[in-house]
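*Asks:* Sending over a structure as structure tokens; questions will come in a sec.
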Amino acid sequence: MADNDLMLRMSEQYQIEQIIKANEFSKEYGLTLTKEEATVLAQCGRSTLKTERRVEFGDSIMPKLIRAFADSSFINKDNYADILARLQDIFYLYKNESMDMVSDDDLISIMKNAYERESGGDLQYLEGTALEAFARKVRAGENWADRYKLEKLHIEDGFNEL
Amino acid sequence: MNYKPEDLIPIVAELSDMYTRGESTSVTYEAAQHLMEAVIYCIREAEQVSDNLPEDYNTNARILYEAGFNAVIDKVERTKEKYKNLISAFSSYGNKNLNDTVLKAIPGFFKLYSPRFSPQDTIITMDYPTPVPVTGKTGIDAIEEYVDKLIAEQRYLASFPAGYVEEVLESYTPDYKNHFFNITEIIQKNRPR
């Protein structure tokens, strides 16, 4: 990547713009973020990265979280920004808890499945129980990929509702 | 060198992306620190080969890094050739530590060494002590010097008549095969007068 391009992508302004751009996707589900909300989410992300002792080069994870969770049964326009902020915190926490052995896309997929299926939209349960069990298995070296195959979660192609 | 520290960030970012195979937007502080040290190690290597660099190398961190990375690769290949030379006429004189260090540990270094992500890592502990230890160096720099010292010692020990070295070691201690001393030091201190 060009050096100037990287520094741009690491800037807060760019990240806010990318979050707002994700509205084009999430508006299909009646969910959008204002510029103020996007700014808060970008700032929360930086703060959580610092807390979790991680560094992000380039694009933030928030647009991916938005694309994964916008169709959730448990998210509405009133709780959308708050839930995204919590999901971002949980994401970075579990990148560490799984010792970076899980890709971003896989972790988001695991989070979404656990949020919809196991946690019933309860973020505390997602963070403290569902994902903790998953991370323990990853750290123990279990073949988590097998355990979380779609058929084991009873999720088939085209599934879109509980 | 006149590059700015922030000039290294794009290089670290690229290494981070390669390290995670593009599968993670973030890495831990420790990983980022390690990759920064990898970049700095290569840049320091470039300082040793600055004669071959273009005129603007002094202010271009990327040119320095790539030159240094290539220098590390060259050094690895050069050290491998030296190692082949070392083992072509190698004798451990029955000493297990020397045997295991040369025939197991050093190949282990070549197998595990990552010039791209961890050029600064020495990986092995160089258990067999050379008369003058390797100090102040890490990574391939340390290993190359270590191999050079081993080659020099092998040449020295081979200058004695067959069986002489083992005889002196045996008389020093019957258990010499299991000791962790430097053979040359024992030979020099215990040569018959």
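Convention: chains lettered A, B, ... in structure tokens order; per-chain residue numbering from 1; ligands numbered from 1 as shown.
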Please list as an MDAnalysis selection string every residue within 8 Å of segment 4-10 of chain A, counting only C-alpha atoms and excluding residues in the same chain fewer than 2 positions away.
*Replies:* (chainID A and resid 1:2 12 14:15 56:59) or (chainID B and resid 10)
*Asks:* So that each row is one residue of chain A with an atom at most 6 Å from chain B, can you give its shortest atom pair and the distance in Å to one decimal, using only C-alpha atoms, rows by chain and rising number, as a tab-separated table?
*Replies:*
```
residue	atom	partner	partner_atom	distance
A:Asp3	CA	B:Pro10	CA	5.5
A:Arg53	CA	B:Tyr29	CA	5.4
A:Arg54	CA	B:Thr28	CA	4.1
A:Val55	CA	B:Ser26	CA	5.4
A:Glu56	CA	B:Ser26	CA	4.2
A:Phe57	CA	B:Ala13	CA	5.7
A:Ser103	CA	B:Glu23	CA	5.1
A:Asp104	CA	B:Ser24	CA	5.2
```
*Asks:* Write the residues of the selection above to a file with N, CA and C atoms, as an mmCIF file, in the first residue's frame.
*Replies:*
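Written output follows (out-v5.cif):
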```
data_model
loop_
_atom_site.group_PDB
_atom_site.id
_atom_site.type_symbol
_atom_site.label_atom_id
_atom_site.label_comp_id
_atom_site.auth_asym_id
_atom_site.auth_seq_id
_atom_site.Cartn_x
_atom_site.Cartn_y
_atom_site.Cartn_z
ATOM 1 N N ASP A 3 2.479 4.651 1.129
ATOM 2 C CA ASP A 3 2.656 5.109 2.508
ATOM 3 C C ASP A 3 1.631 6.166 2.883
ATOM 4 N N ARG A 53 -4.470 -3.403 24.201
ATOM 5 C CA ARG A 53 -3.070 -3.415 23.756
ATOM 6 C C ARG A 53 -2.936 -4.021 22.356
ATOM 7 N N ARG A 54 -3.753 -3.455 21.466
ATOM 8 C CA ARG A 54 -3.689 -3.866 20.070
ATOM 9 C C ARG A 54 -3.509 -2.618 19.212
ATOM 10 N N VAL A 55 -2.981 -2.826 18.017
ATOM 11 C CA VAL A 55 -2.823 -1.704 17.098
ATOM 12 C C VAL A 55 -3.429 -2.088 15.758
ATOM 13 N N GLU A 56 -4.109 -1.139 15.157
ATOM 14 C CA GLU A 56 -4.795 -1.390 13.890
ATOM 15 C C GLU A 56 -4.103 -0.559 12.808
ATOM 16 N N PHE A 57 -3.646 -1.215 11.771
ATOM 17 C CA PHE A 57 -3.058 -0.493 10.652
ATOM 18 C C PHE A 57 -4.098 -0.441 9.549
ATOM 19 N N SER A 103 -9.181 -15.770 12.509
ATOM 20 C CA SER A 103 -9.194 -14.603 11.628
ATOM 21 C C SER A 103 -10.337 -13.670 12.022
ATOM 22 N N ASP A 104 -10.256 -12.413 11.573
ATOM 23 C CA ASP A 104 -11.329 -11.451 11.843
ATOM 24 C C ASP A 104 -12.670 -11.993 11.360
#
```
*Asks:* From the list A:Ala70, A:Leu65, A:Ile75, A:Ala133, which residue is nearest Lys27 of chain A when using only C-alpha atoms?
*Replies:*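 Closest to Lys27 of chain A of all the choices is A:Ala70.
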*Asks:* Excluding Thr51 of chain A and its own-chain neighbours fewer than 4 positions away, which residues fall within 12 Å of it when counting only C-alpha atoms? Please give them as an NGL selection string.
*Replies:* (:A and (44-47 or 55 or 89-90 or 92-93 or 96)) or (:B and (28-29))
*Asks:* Would you mind exporting the chosen residues as a short mmCIF file (atom, residue, chain, number, x, y, z; two decimals), in the first residue's frame, restricted to C-alpha atoms?
*Replies:*
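This went into result-v5.cif:
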```cif
data_model
loop_
_atom_site.label_atom_id
_atom_site.label_comp_id
_atom_site.auth_asym_id
_atom_site.auth_seq_id
_atom_site.Cartn_x
_atom_site.Cartn_y
_atom_site.Cartn_z
CA CYS A 44 -14.48 3.99 21.22
CA GLY A 45 -12.57 1.73 18.86
CA ARG A 46 -9.33 3.60 19.46
CA SER A 47 -9.90 3.51 23.19
CA VAL A 55 -2.82 -1.70 17.10
CA ASP A 89 -15.21 -4.18 22.54
CA ILE A 90 -16.05 -7.88 22.57
CA TYR A 92 -11.01 -6.98 20.30
CA LEU A 93 -11.22 -8.79 23.64
CA ASN A 96 -6.72 -11.52 22.42
CA THR B 28 -1.08 -7.02 19.56
CA TYR B 29 1.35 -4.39 20.79
#
```
*Asks:* Within segment 2-56 of chain A, find each residue whose DSSP state, derived from the backbone, is alpha helix (DSSP H), and express the selection as an MDAnalysis selection string.
*Replies:* chainID A and resid 3:9 12:21 23:26 35:51
*Asks:* Find the residue from B:Phe117, B:Tyr65, B:Phe110, B:Tyr41 that sits nearest to Thr138 of chain B; use only C-alpha atoms when measuring.
*Replies:*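 So, comparing all the options, the nearest one is B:Tyr41.
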*Asks:* Given only C-alpha atoms as the basis, pick out the residue of B:Asn70, B:Leu86, B:Glu185, B:Ala105 nearest to Val132 of chain B.
*Replies:*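 Under the stated criterion, the closest residue is B:Glu185.
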*Asks:* Neighbouring residues of segment 152-157 of chain B were defined as those with any atom within 8 Å, considering only C-alpha atoms; residues of the same chain fewer than 3 positions away were excluded. Please report them as a VMD selection string.
*Replies:* chain B and resid 86 90 to 91 148 to 149 160 165 184
*Asks:* Between A:Lys35, A:Ile61, A:Gly120, A:Tyr125, single out the one closest to Asp105 of chain A, counting only C-alpha atoms.
*Replies:* A:Ile61
*Asks:* As an NGL selection string, please: the residues near segment 133-135 of chain B (cut-off 9 Å, only C-alpha atoms, same-chain neighbours under 4 positions excluded).
*Replies:* :B and (129 or 142-143 or 145-146 or 149)
*Asks:* Figure out the distance between atom CA of Val147 of chain B and atom CA of Met36 of chain B, please, to one decimal in Å.
*Replies:*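 For atom CA of Met36 of chain B relative to atom CA of Val147 of chain B, the distance reads 27.3 Å.
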*Asks:* For Ile19 of chain A, work out the shell of residues within 9 Å, counting only C-alpha atoms and skipping chain neighbours fewer than 2 positions away, then give it as an mmCIF file with N, CA and C atoms, in the first residue's frame.
*Replies:*
```
data_model
loop_
_atom_site.group_PDB
_atom_site.id
_atom_site.type_symbol
_atom_site.label_atom_id
_atom_site.label_comp_id
_atom_site.auth_asym_id
_atom_site.auth_seq_id
_atom_site.Cartn_x
_atom_site.Cartn_y
_atom_site.Cartn_z
ATOM 1 N N TYR A 14 -10.942 9.246 8.323
ATOM 2 C CA TYR A 14 -11.181 8.202 7.328
ATOM 3 C C TYR A 14 -12.054 7.099 7.908
ATOM 4 N N GLN A 15 -11.768 6.725 9.152
ATOM 5 C CA GLN A 15 -12.537 5.646 9.774
ATOM 6 C C GLN A 15 -13.988 6.060 9.973
ATOM 7 N N ILE A 16 -14.211 7.315 10.335
ATOM 8 C CA ILE A 16 -15.588 7.809 10.480
ATOM 9 C C ILE A 16 -16.299 7.723 9.133
ATOM 10 N N GLU A 17 -15.595 8.103 8.089
ATOM 11 C CA GLU A 17 -16.203 8.063 6.748
ATOM 12 C C GLU A 17 -16.556 6.638 6.353
ATOM 13 N N LYS A 21 -20.189 5.183 5.529
ATOM 14 C CA LYS A 21 -20.398 4.539 4.224
ATOM 15 C C LYS A 21 -21.138 3.218 4.391
ATOM 16 N N ALA A 22 -20.939 2.555 5.539
ATOM 17 C CA ALA A 22 -21.604 1.279 5.790
ATOM 18 C C ALA A 22 -23.111 1.457 5.933
ATOM 19 N N ASN A 23 -23.577 2.689 6.118
ATOM 20 C CA ASN A 23 -25.023 2.961 6.155
ATOM 21 C C ASN A 23 -25.703 2.504 4.864
ATOM 22 N N LEU A 33 -26.401 5.202 11.015
ATOM 23 C CA LEU A 33 -25.658 5.915 12.062
ATOM 24 C C LEU A 33 -25.488 7.362 11.637
ATOM 25 N N LYS A 35 -23.403 11.057 11.916
ATOM 26 C CA LYS A 35 -21.973 11.341 11.947
ATOM 27 C C LYS A 35 -21.473 11.357 13.391
ATOM 28 N N ALA A 38 -21.094 7.803 14.503
ATOM 29 C CA ALA A 38 -19.918 7.213 13.851
ATOM 30 C C ALA A 38 -18.637 7.714 14.509
ATOM 31 N N THR A 39 -18.625 8.984 14.882
ATOM 32 C CA THR A 39 -17.450 9.553 15.537
ATOM 33 C C THR A 39 -17.217 8.882 16.887
ATOM 34 N N LEU A 41 -18.213 5.923 17.765
ATOM 35 C CA LEU A 41 -17.773 4.537 17.545
ATOM 36 C C LEU A 41 -16.294 4.476 17.168
ATOM 37 N N ALA A 42 -15.843 5.403 16.341
ATOM 38 C CA ALA A 42 -14.428 5.433 15.964
ATOM 39 C C ALA A 42 -13.559 5.705 17.185
ATOM 40 N N SER A 60 -10.570 -0.054 9.978
ATOM 41 C CA SER A 60 -11.046 -0.528 11.273
ATOM 42 C C SER A 60 -12.002 -1.694 11.057
ATOM 43 N N MET A 62 -14.980 -1.949 12.317
ATOM 44 C CA MET A 62 -16.381 -1.582 12.465
ATOM 45 C C MET A 62 -17.228 -1.806 11.203
ATOM 46 N N PRO A 63 -16.777 -1.434 10.014
ATOM 47 C CA PRO A 63 -17.606 -1.714 8.828
ATOM 48 C C PRO A 63 -17.949 -3.199 8.693
ATOM 49 N N ILE A 66 -20.652 -4.039 11.187
ATOM 50 C CA ILE A 66 -21.939 -3.510 10.717
ATOM 51 C C ILE A 66 -22.541 -4.457 9.692
#
```
